[in-house]
>>> print(open('structure.cif').read())   # mmCIF, C-alpha atoms
data_structure
loop_
_atom_site.label_atom_id
_atom_site.label_comp_id
_atom_site.auth_asym_id
_atom_site.auth_seq_id
_atom_site.Cartn_x
_atom_site.Cartn_y
_atom_site.Cartn_z
CA MET A 1 121.67 125.70 64.62
CA ASP A 2 125.01 124.08 63.81
CA GLU A 3 125.38 126.25 60.76
CA SER A 4 124.67 129.49 62.58
CA ASP A 5 127.01 128.42 65.38
CA SER A 6 129.88 127.87 63.00
CA GLY A 7 129.01 131.15 61.25
CA ARG A 8 129.20 132.86 64.59
CA SER A 9 132.54 131.37 65.53
CA SER A 10 134.18 132.29 62.24
CA ALA A 11 132.78 135.83 62.49
CA SER A 12 134.01 136.06 66.05
CA ALA A 13 137.43 134.75 65.01
CA THR A 14 137.66 137.49 62.36
CA PHE A 15 136.46 140.06 64.86
CA GLU A 16 139.04 138.96 67.43
CA HIS A 17 141.75 138.97 64.82
CA LEU A 18 140.92 142.48 63.61
CA MET A 19 139.80 144.23 66.77
CA LEU A 20 141.56 142.72 69.80
CA PRO A 21 144.96 144.11 68.77
CA HIS A 22 143.45 147.56 69.43
CA LEU A 23 142.48 146.76 73.02
CA ASP A 24 145.24 148.94 74.48
CA ALA A 25 144.33 151.87 72.24
CA ALA A 26 140.69 151.44 73.25
CA TYR A 27 141.54 151.32 76.95
CA ASN A 28 143.92 154.28 76.74
CA LEU A 29 141.26 156.46 75.10
CA ALA A 30 138.57 155.37 77.57
CA ARG A 31 140.87 155.83 80.56
CA TRP A 32 141.79 159.36 79.49
CA LEU A 33 138.20 160.31 78.68
CA LEU A 34 136.70 158.91 81.89
CA ARG A 35 139.73 159.36 84.19
CA HIS A 36 138.68 156.30 86.17
CA ASP A 37 140.08 152.73 85.93
CA GLN A 38 136.93 150.74 86.59
CA ASP A 39 134.65 152.94 84.45
CA ALA A 40 137.15 152.73 81.62
CA GLU A 41 137.26 148.92 81.82
CA ASP A 42 133.46 148.72 81.84
CA CYS A 43 133.13 151.05 78.88
CA VAL A 44 135.76 149.19 76.89
CA GLN A 45 133.98 145.90 77.48
CA ASP A 46 130.67 147.49 76.50
CA ALA A 47 132.24 149.06 73.42
CA PHE A 48 133.67 145.72 72.28
CA LEU A 49 130.22 144.17 72.59
CA ARG A 50 128.66 146.95 70.55
CA ALA A 51 131.43 146.67 68.00
CA TYR A 52 130.87 142.93 67.77
CA GLN A 53 127.15 143.41 67.19
CA ALA A 54 127.78 146.11 64.60
CA PHE A 55 130.63 144.18 62.95
CA GLY A 56 128.41 143.38 59.94
CA ARG A 57 128.50 147.07 59.11
CA PHE A 58 132.29 147.28 59.23
CA ARG A 59 133.34 147.95 55.63
CA GLY A 60 136.97 147.03 56.10
CA GLY A 61 139.69 149.64 56.11
CA ASP A 62 140.88 151.24 59.31
CA GLY A 63 139.75 148.88 62.08
CA ARG A 64 141.37 150.92 64.81
CA ALA A 65 139.52 154.13 63.86
CA TRP A 66 136.28 152.19 63.54
CA LEU A 67 136.66 150.64 67.00
CA LEU A 68 137.81 153.88 68.64
CA THR A 69 134.71 155.65 67.29
CA ILE A 70 132.57 153.17 69.20
CA VAL A 71 134.74 153.44 72.32
CA ARG A 72 134.46 157.20 72.20
CA ASN A 73 130.68 157.18 71.82
CA THR A 74 130.32 154.69 74.66
CA CYS A 75 132.46 156.87 76.91
CA TYR A 76 130.49 160.00 76.07
CA SER A 77 127.15 158.34 76.86
CA HIS A 78 128.68 157.22 80.13
CA LEU A 79 129.86 160.73 80.92
CA ARG A 80 126.41 162.11 80.17
CA THR A 81 124.59 159.64 82.41
CA ALA A 82 127.16 159.88 85.20
CA ARG A 83 126.99 163.69 84.98
CA ARG A 84 130.47 163.81 86.39
CA GLN A 85 131.96 167.26 86.74
CA GLU A 86 133.82 167.97 83.52
CA PRO A 87 136.25 170.82 82.99
CA VAL A 88 134.62 173.62 81.03
CA VAL A 89 136.00 175.27 77.92
CA ALA A 90 137.14 178.76 78.87
CA PHE A 91 137.62 181.64 76.46
CA ASP A 92 140.28 180.50 74.07
CA GLU A 93 141.24 183.98 73.04
CA GLU A 94 143.00 184.47 76.37
CA ILE A 95 144.73 181.15 76.06
CA HIS A 96 145.95 181.98 72.60
CA ALA A 97 147.46 185.11 74.04
CA ALA A 98 149.46 183.10 76.59
CA ASP A 99 153.17 183.44 75.92
CA THR A 100 154.78 180.62 74.02
CA ARG A 101 157.26 178.49 75.87
CA ASP A 102 160.63 178.10 74.29
CA ALA A 103 161.99 174.76 73.27
CA SER A 104 164.18 174.37 76.34
CA PHE A 105 161.12 174.47 78.61
CA TRP A 106 159.72 171.40 76.85
CA ARG A 107 163.10 169.68 76.72
CA ARG A 108 164.31 170.20 80.28
CA GLU A 109 161.20 170.67 82.41
CA CYS A 110 157.76 169.08 82.32
CA PRO A 111 158.07 165.66 83.91
CA ARG A 112 155.51 163.00 83.07
CA GLU A 113 153.39 163.59 86.20
CA GLU A 114 152.94 167.27 85.41
CA LEU A 115 152.03 166.61 81.78
CA ASP A 116 149.55 163.89 82.78
CA ALA A 117 147.94 166.14 85.39
CA ALA A 118 147.67 169.03 82.92
CA LEU A 119 146.06 166.81 80.27
CA GLY A 120 143.61 165.53 82.90
CA ARG A 121 142.48 169.09 83.58
CA LEU A 122 141.55 169.81 79.94
CA PRO A 123 137.96 169.51 78.71
CA ALA A 124 137.14 166.12 77.17
CA GLU A 125 137.04 167.46 73.59
CA PHE A 126 140.63 168.68 73.96
CA ARG A 127 141.80 165.58 75.84
CA GLU A 128 140.56 163.29 73.12
CA VAL A 129 142.33 165.00 70.22
CA LEU A 130 145.62 165.07 72.13
CA VAL A 131 145.30 161.45 73.22
CA LEU A 132 144.44 160.32 69.70
CA HIS A 133 147.11 162.39 68.00
CA GLU A 134 150.07 162.52 70.40
CA ILE A 135 149.70 159.22 72.25
CA GLU A 136 148.01 156.99 69.70
CA GLY A 137 149.60 158.68 66.71
CA LEU A 138 146.42 158.97 64.62
CA ALA A 139 146.54 161.23 61.56
CA TYR A 140 144.21 164.24 61.31
CA LYS A 141 142.00 162.33 58.92
CA GLU A 142 141.60 159.39 61.30
CA ILE A 143 140.80 161.71 64.20
CA ALA A 144 138.15 163.40 62.06
CA ALA A 145 136.55 159.98 61.52
CA VAL A 146 136.75 158.95 65.19
CA ALA A 147 135.46 162.23 66.64
CA GLY A 148 132.99 162.86 63.81
CA ILE A 149 134.23 166.39 63.12
CA PRO A 150 135.55 168.07 59.95
CA LEU A 151 139.28 167.96 59.32
CA GLY A 152 139.65 171.70 59.78
CA THR A 153 138.10 171.37 63.23
CA VAL A 154 140.58 168.63 64.15
CA MET A 155 143.39 170.98 63.33
CA SER A 156 142.02 174.00 65.17
CA ARG A 157 141.01 171.90 68.16
CA LEU A 158 144.48 170.35 68.35
CA SER A 159 146.17 173.71 68.32
CA ARG A 160 143.79 175.04 70.95
CA ALA A 161 144.39 171.93 73.06
CA ARG A 162 148.15 172.42 72.83
CA ALA A 163 147.85 176.09 73.75
CA ARG A 164 145.68 175.05 76.65
CA MET A 165 148.25 172.47 77.79
CA GLN A 166 150.86 175.19 77.71
CA ALA A 167 148.66 177.49 79.77
CA GLU A 168 148.06 174.69 82.30
CA LEU A 169 151.78 174.12 82.68
CA THR A 170 152.57 177.79 83.08
CA PRO A 171 152.61 178.68 86.78
CA THR A 172 150.07 181.41 87.54
CA ARG A 173 151.84 184.69 87.99
CA GLN A 174 150.61 187.89 89.60
CA GLY A 175 147.23 186.37 90.42
CA GLY A 176 146.17 185.76 86.83
CA THR A 177 143.10 187.18 85.14
CA ARG A 178 140.78 184.22 85.32
CA PRO A 179 138.84 183.29 88.44
CA MET B 1 155.27 182.33 52.10
CA ASN B 2 155.16 184.97 54.83
CA CYS B 3 155.25 184.71 58.65
CA ALA B 4 151.46 184.75 59.10
CA GLU B 5 150.94 181.92 56.64
CA THR B 6 153.81 179.95 58.14
CA ASP B 7 152.36 180.41 61.61
CA ARG B 8 149.01 179.06 60.44
CA LEU B 9 150.60 175.98 58.92
CA LEU B 10 153.21 175.41 61.63
CA ASP B 11 151.30 172.81 63.65
CA ALA B 12 150.48 170.83 60.53
CA TYR B 13 154.11 171.13 59.46
CA VAL B 14 155.38 169.78 62.78
CA ASP B 15 152.73 167.04 62.66
CA GLY B 16 153.90 166.02 59.19
CA GLU B 17 150.45 166.69 57.73
CA LEU B 18 151.41 169.08 54.94
CA ASP B 19 151.71 168.05 51.34
CA LEU B 20 155.18 168.12 49.80
CA ALA B 21 154.79 171.51 48.13
CA HIS B 22 153.64 173.30 51.29
CA HIS B 23 156.12 171.42 53.44
CA ALA B 24 158.89 172.68 51.19
CA GLU B 25 157.54 176.24 51.27
CA VAL B 26 157.40 176.28 55.07
CA GLU B 27 160.89 174.81 55.23
CA ALA B 28 162.20 177.49 52.90
CA HIS B 29 160.63 180.21 55.03
CA LEU B 30 162.08 178.71 58.22
CA ARG B 31 165.56 178.86 56.72
CA SER B 32 165.21 182.58 56.12
CA CYS B 33 163.30 183.66 59.26
CA ALA B 34 164.84 183.21 62.72
CA ALA B 35 161.64 184.04 64.61
CA CYS B 36 159.57 181.43 62.77
CA ALA B 37 162.41 178.91 63.02
CA SER B 38 162.47 179.33 66.78
CA ALA B 39 158.67 178.95 66.95
CA ALA B 40 158.97 175.76 64.90
CA ASP B 41 161.70 174.47 67.18
CA SER B 42 159.60 174.95 70.28
CA ALA B 43 156.50 173.46 68.60
CA GLY B 44 158.64 170.44 67.77
CA ALA B 45 159.98 170.17 71.32
CA ARG B 46 156.43 170.44 72.67
CA LYS B 47 155.25 167.69 70.37
CA GLU B 48 158.11 165.46 71.42
CA ALA B 49 157.43 166.07 75.12
CA LEU B 50 153.74 165.25 74.73
CA ARG B 51 154.35 162.22 72.57
CA GLU B 52 157.06 160.71 74.68
CA ARG B 53 156.10 161.62 78.21
CA LEU B 54 152.30 161.40 78.40
CA THR B 55 151.15 158.12 79.91
CA ARG B 56 149.73 155.50 77.58
CA PHE B 57 147.46 153.32 79.72
CA THR B 58 147.41 149.65 78.80
CA ALA B 59 144.61 147.17 79.30
CA SER B 60 145.08 144.70 82.14
CA ALA B 61 145.18 140.97 81.43
CA ALA B 62 141.91 140.72 83.37
CA LEU B 63 140.21 143.15 80.98
CA ALA B 64 141.50 141.24 77.97
CA ASP B 65 139.99 138.08 79.44
CA ARG B 66 136.69 139.78 80.19
CA VAL B 67 136.41 141.07 76.64
CA ARG B 68 137.29 137.69 75.14
CA GLN B 69 134.81 135.89 77.35
CA SER B 70 131.96 138.27 76.68
CA LEU B 71 132.42 137.73 72.95
CA GLU B 72 132.02 133.97 73.33
CA ILE B 73 128.58 134.24 74.91
CA PRO B 74 125.87 134.08 72.27
CA GLY B 75 122.92 136.45 72.39
CA VAL B 76 124.51 139.01 74.66
CA THR B 77 122.50 142.18 74.77
CA SER B 78 123.97 145.58 75.09
CA PRO B 79 122.28 148.95 75.15
CA ALA B 80 121.23 149.64 71.58
CA GLY B 81 119.80 152.83 70.20
CA THR B 82 122.57 154.99 71.59
CA ALA B 83 123.20 156.42 68.17
CA ARG B 84 119.54 157.22 67.70
CA ARG B 85 119.33 158.94 71.08
CA LEU B 86 122.41 160.92 70.16
CA ARG B 87 120.85 162.07 66.90
CA ILE B 88 117.69 163.16 68.71
CA PHE B 89 119.83 164.95 71.27
CA TRP B 90 121.71 166.80 68.56
CA SER B 91 118.68 167.80 66.51
CA GLY B 92 117.12 169.11 69.74
CA ALA B 93 120.30 170.92 70.60
CA GLY B 94 120.49 172.42 67.11
CA LEU B 95 116.93 173.69 67.35
CA ALA B 96 117.55 175.19 70.77
CA ALA B 97 120.79 176.81 69.60
CA GLY B 98 119.05 178.23 66.54
CA LEU B 99 116.27 179.65 68.68
CA ALA B 100 118.69 181.12 71.20
CA ALA B 101 120.77 182.62 68.40
CA SER B 102 117.76 184.21 66.71
CA LEU B 103 116.69 185.70 70.03
CA MET B 104 120.14 187.14 70.48
CA VAL B 105 120.35 188.76 67.05
CA GLY B 106 118.90 192.02 68.35
CA PHE B 107 121.51 192.24 71.08
CA VAL B 108 124.64 191.51 69.12
CA TRP B 109 124.09 193.96 66.30
CA GLY B 110 127.05 196.04 67.45
CA GLY B 111 129.35 193.03 67.17
CA ALA B 112 128.18 192.30 63.63
CA ARG B 113 131.09 194.03 61.92
CA ASP B 114 133.64 192.13 63.99
CA ARG B 115 131.79 188.94 63.38
CA SER B 116 131.68 189.34 59.61
CA ARG B 117 135.40 190.06 59.63
CA ARG B 118 135.94 186.91 61.70
CA VAL B 119 133.85 184.82 59.30
CA VAL B 120 136.02 185.95 56.39
CA ASP B 121 139.16 185.18 58.45
CA GLU B 122 137.82 181.73 59.17
CA ALA B 123 137.08 181.15 55.50
CA ALA B 124 140.62 182.22 54.57
CA ALA B 125 142.01 179.82 57.20
CA ASP B 126 139.79 177.03 55.83
CA HIS B 127 141.16 177.78 52.39
CA VAL B 128 144.77 177.55 53.59
CA ARG B 129 144.07 174.29 55.41
CA SER B 130 142.32 172.87 52.37
CA LEU B 131 145.61 173.10 50.50
CA MET B 132 147.17 170.57 52.86
CA ALA B 133 147.69 166.96 51.92
CA ASP B 134 144.53 164.89 51.80
CA HIS B 135 142.35 167.75 52.83
CA LEU B 136 141.17 169.40 49.63
CA THR B 137 138.22 167.12 49.08
CA ASP B 138 136.34 164.46 51.02
CA VAL B 139 134.55 163.55 47.81
CA ALA B 140 136.55 164.01 44.64
CA SER B 141 134.41 164.27 41.54
CA SER B 142 133.77 166.65 38.70
CA ASP B 143 130.21 165.34 38.44
CA ARG B 144 127.75 167.45 40.37
CA HIS B 145 125.39 164.46 40.49
CA THR B 146 128.02 162.70 42.61
CA VAL B 147 128.98 165.66 44.77
CA LYS B 148 125.49 166.82 45.71
CA PRO B 149 124.19 163.46 47.04
CA TRP B 150 127.44 162.99 48.96
CA PHE B 151 126.41 165.85 51.25
CA ALA B 152 122.99 164.37 51.87
CA GLY B 153 122.90 162.93 55.36
CA LYS B 154 126.11 164.68 56.32
CA LEU B 155 124.57 168.14 56.45
CA GLY B 156 121.20 169.43 57.58
CA PHE B 157 120.74 171.08 54.18
CA SER B 158 121.38 170.30 50.55
CA PRO B 159 123.74 172.68 48.76
CA THR B 160 123.22 173.61 45.12
CA VAL B 161 126.11 172.20 43.10
CA ILE B 162 126.83 173.82 39.75
CA ASP B 163 129.65 172.85 37.42
CA LEU B 164 131.38 175.67 35.59
CA ALA B 165 133.85 173.60 33.57
CA ASP B 166 132.67 175.18 30.30
CA ALA B 167 133.56 178.61 31.71
CA GLY B 168 137.02 177.53 32.88
CA PHE B 169 136.12 176.78 36.51
CA PRO B 170 135.88 172.98 36.68
CA LEU B 171 134.38 171.43 39.79
CA VAL B 172 136.81 169.04 41.51
CA GLY B 173 134.89 167.93 44.58
CA GLY B 174 133.57 168.82 48.00
CA ARG B 175 134.19 168.43 51.68
CA LEU B 176 132.68 169.30 55.06
CA GLU B 177 133.71 172.45 56.86
CA GLU B 178 132.69 174.45 59.87
CA ILE B 179 132.26 178.19 59.68
CA ASP B 180 130.75 180.68 62.07
CA ARG B 181 130.01 177.73 64.35
CA GLN B 182 127.82 176.15 61.68
CA GLU B 183 128.27 173.21 59.38
CA ALA B 184 129.11 174.19 55.85
CA ALA B 185 129.51 172.54 52.48
CA ALA B 186 132.79 173.41 50.79
CA LEU B 187 132.73 173.03 47.03
CA VAL B 188 136.11 172.98 45.38
CA TYR B 189 136.72 174.42 41.93
CA ARG B 190 139.87 175.00 39.93
CA ARG B 191 140.99 177.96 37.87
CA ARG B 192 144.12 177.00 35.96
CA GLN B 193 146.44 175.68 38.68
CA HIS B 194 144.62 177.56 41.47
CA VAL B 195 141.99 176.34 43.88
CA ILE B 196 138.70 178.08 44.68
CA ASN B 197 136.86 177.09 47.83
CA LEU B 198 133.17 177.94 47.86
CA LEU B 199 131.62 177.68 51.34
CA ILE B 200 127.86 177.34 51.53
CA TRP B 201 125.87 177.38 54.75
CA PRO B 202 122.42 178.53 55.91
CA ALA B 203 121.93 182.29 56.20
CA GLU B 204 119.89 181.66 59.34
CA PRO B 205 120.61 182.81 61.96
CA ARG B 206 123.44 184.95 60.55
CA ARG B 207 123.90 186.36 57.05
CA VAL B 208 127.31 187.15 55.60
CA ASP B 209 128.17 190.68 54.55
CA PRO B 210 128.00 190.60 50.75
CA GLY B 211 130.90 191.89 48.69
CA SER B 212 134.51 191.19 47.91
CA GLY B 213 137.50 191.46 50.21
CA ARG B 214 141.09 190.46 50.74
CA ARG B 215 142.52 188.39 53.60
CA SER B 216 146.11 187.26 54.16
CA GLY B 217 146.80 187.27 50.45
CA TYR B 218 143.53 185.64 49.40
CA GLN B 219 140.54 187.09 47.60
CA THR B 220 137.08 186.59 49.01
CA ASN B 221 133.65 187.17 47.54
CA ALA B 222 130.43 186.72 49.50
CA TRP B 223 126.74 186.83 48.73
CA VAL B 224 123.44 185.57 50.08
CA GLU B 225 120.94 183.76 47.91
CA ASP B 226 117.94 181.51 48.53
CA GLY B 227 118.53 181.53 52.28
CA PHE B 228 122.17 180.49 52.00
CA ASN B 229 125.45 182.26 52.60
CA PHE B 230 128.02 181.84 49.83
CA LEU B 231 131.66 182.71 50.41
CA ALA B 232 134.30 182.07 47.76
CA VAL B 233 138.01 182.17 48.65
CA SER B 234 140.93 181.87 46.27
CA GLU B 235 144.32 183.22 45.32
CA ILE B 236 143.05 184.19 41.85
CA PRO B 237 142.64 187.92 41.05
CA ALA B 238 139.56 189.73 42.35
CA ASP B 239 137.99 190.24 38.92
CA GLU B 240 138.24 186.54 38.12
CA LEU B 241 136.69 185.60 41.43
CA ALA B 242 133.90 188.12 40.78
CA GLU B 243 133.35 186.50 37.38
CA PHE B 244 133.14 183.12 39.10
CA ALA B 245 130.58 184.47 41.59
CA GLY B 246 128.57 186.10 38.81
CA LEU B 247 128.48 182.90 36.75
CA LEU B 248 127.30 180.88 39.72
CA ARG B 249 124.56 183.34 40.56
CA SER B 250 123.35 183.55 36.99
CA ARG B 251 123.15 179.78 36.72
CA THR B 252 121.46 179.10 40.04
CA PRO B 253 118.10 177.59 39.20
#
>>> encode(input="structure.cif", output="structure tokens")
Amino acid sequence: MDESDSGRSSASATFEHLMLPHLDAAYNLARWLLRHDQDAEDCVQDAFLRAYQAFGRFRGGDGRAWLLTIVRNTCYSHLRTARRQEPVVAFDEEIHAADTRDASFWRRECPREELDAALGRLPAEFREVLVLHEIEGLAYKEIAAVAGIPLGTVMSRLSRARARMQAELTPTRQGGTRP
Amino acid sequence: MNCAETDRLLDAYVDGELDLAHHAEVEAHLRSCAACASAADSAGARKEALRERLTRFTASAALADRVRQSLEIPGVTSPAGTARRLRIFWSGAGLAAGLAASLMVGFVWGGARDRSRRVVDEAAADHVRSLMADHLTDVASSDRHTVKPWFAGKLGFSPTVIDLADAGFPLVGGRLEEIDRQEAAALVYRRRQHVINLLIWPAEPRRVDPGSGRRSGYQTNAWVEDGFNFLAVSEIPADELAEFAGLLRSRTP
């Protein structure tokens, strides 16, 4: 018993040392995916437990990406069971056609509240790539690992997400074409 | 590098994800093209706005305590088997999607030409992206006995991997791709200093249009064999790519 206890505490010390520094990144991803404080806290706690139990399978390397993968999966199972209304992916072709904003629009307008609200309106698959790339600063390759998608998909999803952000921030003129 | 190619690489350029050679090429084009330079400027401004103004939520001290405490408790149980349920969900979803797609085949015949053009466009875009830093291969090996097993478990099928080093097309590795909304194996070969991407994915529910073509400066060559679509993309001349395709087909067991 003593032996397994000391084994446990050294494993948990290593785990704490490697994973706790990523608590903010974990919470930020969960909070953006779930858009709810309490649910995000619960999922982060659950994800840390799962990560701790699976820690034997951690092969070293990028601890943040490894942890965020678990956080993401936990959040998605929560979203599925909660069946909360999620924004739906509309036809991207139209969004691609949306006119590009010039640099001054991004430099002078777009306060934080508007950007946050626009990101909150995007479908989860777009929210997550923007959160991971723009806020957490993950490279394409790390995002591919976290979201479990090919690198090419990371890139196309990011550019669609950005186009979608732009469309969200563009005030609807002359009624718009979408319902 | 022309405007279309620059446009395709612009996001990766702004994100600092291009290798040195392509980064330099984009930069050179931006110096000579005002329209692309302005597009790059606004992509940069957009990135800066998103990066600096979006809220980064931080964990409360209470959450940090909760997490620390829960890790101290021995024998805590948490819902296991999530991954397994997910896999079952996805295999079910794949089956349903396959069924739905095969039912729809009769209805979308008219869109088939557009679709095959789109598939070739996608393949050309995959090829361009593969030239970026760190993206050419997920598994780098000239040994087909290393490359083939690497795909096992990552794809629902097992691609045939043939080395053509003796014919001047050495295999350099493989990676995962997505094409026509399906998972694909991308095998990477070299011809002199050029790269050839060979995409392989199941011909069910949709077959590629066989033949050679040209897209945004790249040659393509497609065929169907043994229930799989094969699409090769490269900047090498059409006759060399056809030779490559012919060699592969003649050596397929």
>>> residues_around(input="structure.cif", residues="Ala124 of chain A", least_positions_apart="3", cutoff="12 Å", atoms="all atoms listed in the file", output="number ranges by chain")
A: 29-35, 72, 75-76, 79-80, 84-89, 119-121, 127-132, 147, 157, 161
>>> write_last_selection(input="structure.cif", atoms="C-alpha atoms", output="PDB file, keeping the file's coordinate frame")
ATOM      1  CA  LEU A  29     141.260 156.460  75.100  1.00  0.00           C
ATOM      2  CA  ALA A  30     138.570 155.370  77.570  1.00  0.00           C
ATOM      3  CA  ARG A  31     140.870 155.830  80.560  1.00  0.00           C
ATOM      4  CA  TRP A  32     141.790 159.360  79.490  1.00  0.00           C
ATOM      5  CA  LEU A  33     138.200 160.310  78.680  1.00  0.00           C
ATOM      6  CA  LEU A  34     136.700 158.910  81.890  1.00  0.00           C
ATOM      7  CA  ARG A  35     139.730 159.360  84.190  1.00  0.00           C
ATOM      8  CA  ARG A  72     134.460 157.200  72.200  1.00  0.00           C
ATOM      9  CA  CYS A  75     132.460 156.870  76.910  1.00  0.00           C
ATOM     10  CA  TYR A  76     130.490 160.000  76.070  1.00  0.00           C
ATOM     11  CA  LEU A  79     129.860 160.730  80.920  1.00  0.00           C
ATOM     12  CA  ARG A  80     126.410 162.110  80.170  1.00  0.00           C
ATOM     13  CA  ARG A  84     130.470 163.810  86.390  1.00  0.00           C
ATOM     14  CA  GLN A  85     131.960 167.260  86.740  1.00  0.00           C
ATOM     15  CA  GLU A  86     133.820 167.970  83.520  1.00  0.00           C
ATOM     16  CA  PRO A  87     136.250 170.820  82.990  1.00  0.00           C
ATOM     17  CA  VAL A  88     134.620 173.620  81.030  1.00  0.00           C
ATOM     18  CA  VAL A  89     136.000 175.270  77.920  1.00  0.00           C
ATOM     19  CA  LEU A 119     146.060 166.810  80.270  1.00  0.00           C
ATOM     20  CA  GLY A 120     143.610 165.530  82.900  1.00  0.00           C
ATOM     21  CA  ARG A 121     142.480 169.090  83.580  1.00  0.00           C
ATOM     22  CA  ARG A 127     141.800 165.580  75.840  1.00  0.00           C
ATOM     23  CA  GLU A 128     140.560 163.290  73.120  1.00  0.00           C
ATOM     24  CA  VAL A 129     142.330 165.000  70.220  1.00  0.00           C
ATOM     25  CA  LEU A 130     145.620 165.070  72.130  1.00  0.00           C
ATOM     26  CA  VAL A 131     145.300 161.450  73.220  1.00  0.00           C
ATOM     27  CA  LEU A 132     144.440 160.320  69.700  1.00  0.00           C
ATOM     28  CA  ALA A 147     135.460 162.230  66.640  1.00  0.00           C
ATOM     29  CA  ARG A 157     141.010 171.900  68.160  1.00  0.00           C
ATOM     30  CA  ALA A 161     144.390 171.930  73.060  1.00  0.00           C
TER      31      ALA A 161
END
>>> closest_residue(input="structure.cif", among="A:Ala145, A:Leu151, A:Leu138, A:Ala54", to="chain B", atoms="all atoms listed in the file")
A:Leu151
>>> closest_atom_pairs(input="structure.cif", of="chain B", to="chain A", cutoff="9 Å", atoms="all atoms listed in the file", output="tab-separated table")
residue	atom	partner	partner_atom	distance
B:Asp11	CA	A:Ser159	CA	7.0
B:Ala12	CA	A:Met155	CA	7.6
B:Asp15	CA	A:Ala139	CA	8.6
B:Glu17	CA	A:Tyr140	CA	7.6
B:Ser38	CA	A:Asp102	CA	7.8
B:Ala39	CA	A:Asp102	CA	7.6
B:Ala40	CA	A:Ala103	CA	9.0
B:Asp41	CA	A:Ala103	CA	6.1
B:Ser42	CA	A:Ala103	CA	3.8
B:Ala43	CA	A:Ala103	CA	7.3
B:Gly44	CA	A:Ala103	CA	7.8
B:Ala45	CA	A:Ala103	CA	5.4
B:Arg46	CA	A:Trp106	CA	5.4
B:Lys47	CA	A:Glu134	CA	7.3
B:Glu48	CA	A:Trp106	CA	8.2
B:Ala49	CA	A:Trp106	CA	6.1
B:Leu50	CA	A:Glu134	CA	6.3
B:Arg51	CA	A:Glu134	CA	4.8
B:Glu52	CA	A:Ile135	CA	7.9
B:Arg53	CA	A:Arg112	CA	5.1
B:Leu54	CA	A:Asp116	CA	5.7
B:Thr55	CA	A:Asp116	CA	6.6
B:Arg56	CA	A:Asn28	CA	6.0
B:Phe57	CA	A:Asn28	CA	4.7
B:Thr58	CA	A:Asp24	CA	4.9
B:Ala59	CA	A:Asp24	CA	5.2
B:Ser60	CA	A:Asp24	CA	8.8
B:Leu63	CA	A:Glu41	CA	6.5
B:Ala64	CA	A:Leu23	CA	7.5
B:Arg66	CA	A:Gln45	CA	7.2
B:Val67	CA	A:Gln45	CA	5.5
B:Arg68	CA	A:Glu16	CA	8.0
B:Ser70	CA	A:Leu49	CA	7.4
B:Leu71	CA	A:Leu49	CA	6.8
B:Glu72	CA	A:Ser12	CA	7.8
B:Pro74	CA	A:Arg8	CA	8.5
B:Val76	CA	A:Leu49	CA	8.0
B:Thr77	CA	A:Leu49	CA	8.3
B:Ser78	CA	A:Arg50	CA	6.7
B:Pro79	CA	A:Arg50	CA	8.1
B:Ala80	CA	A:Arg50	CA	8.0
B:Thr82	CA	A:Ser77	CA	7.7
B:Ala83	CA	A:Asn73	CA	8.4
B:Leu86	CA	A:Ser77	CA	8.6
B:Ala125	CA	A:Gly152	CA	8.8
B:Asp126	CA	A:Gly152	CA	6.6
B:Arg129	CA	A:Gly152	CA	6.7
B:Ser130	CA	A:Gly152	CA	8.0
B:Asp134	CA	A:Lys141	CA	8.0
B:His135	CA	A:Leu151	CA	7.2
B:Arg175	CA	A:Pro150	CA	8.4
B:Leu176	CA	A:Pro150	CA	5.8
B:Glu177	CA	A:Pro150	CA	5.7
B:Glu178	CA	A:Pro150	CA	7.0
B:Glu183	CA	A:Pro150	CA	8.9
>>> closest_residue(input="structure.cif", among="B:Leu10, B:Ala203, B:Ala152, B:Ala123", to="Val233 of chain B", atoms="all atoms listed in the file")
B:Ala123
>>> resolve_selection(input="structure.cif", expression="the PyMOL selection byres ((chain B and resi 149) around 12)", output="PyMOL selection string")
chain B and resi 139+141+143-148+150-155+157-161+173-174+185
>>> decode(input="structure.cif", residues="segment 199-205 of chain B", atoms="N, CA and C atoms", output="tab-separated table (two decimals), in the first residue's frame")
chain	number	residue	atom	x	y	z
B	199	LEU	N	-3.07	11.16	-54.22
B	199	LEU	CA	-4.17	10.99	-53.28
B	199	LEU	C	-4.91	9.70	-53.60
B	200	ILE	N	-5.17	8.93	-52.58
B	200	ILE	CA	-5.88	7.66	-52.75
B	200	ILE	C	-7.06	7.62	-51.78
B	201	TRP	N	-8.25	7.39	-52.30
B	201	TRP	CA	-9.41	7.26	-51.42
B	201	TRP	C	-10.46	6.36	-52.08
B	202	PRO	N	-11.38	5.81	-51.32
B	202	PRO	CA	-12.33	4.84	-51.88
B	202	PRO	C	-13.18	5.43	-53.00
B	203	ALA	N	-13.40	4.63	-54.04
B	203	ALA	CA	-14.19	5.08	-55.19
B	203	ALA	C	-15.68	5.00	-54.89
B	204	GLU	N	-16.02	4.50	-53.73
B	204	GLU	CA	-17.41	4.50	-53.28
B	204	GLU	C	-17.57	5.63	-52.29
B	205	PRO	N	-18.56	6.47	-52.34
B	205	PRO	CA	-19.65	6.43	-53.31
B	205	PRO	C	-19.37	7.18	-54.62
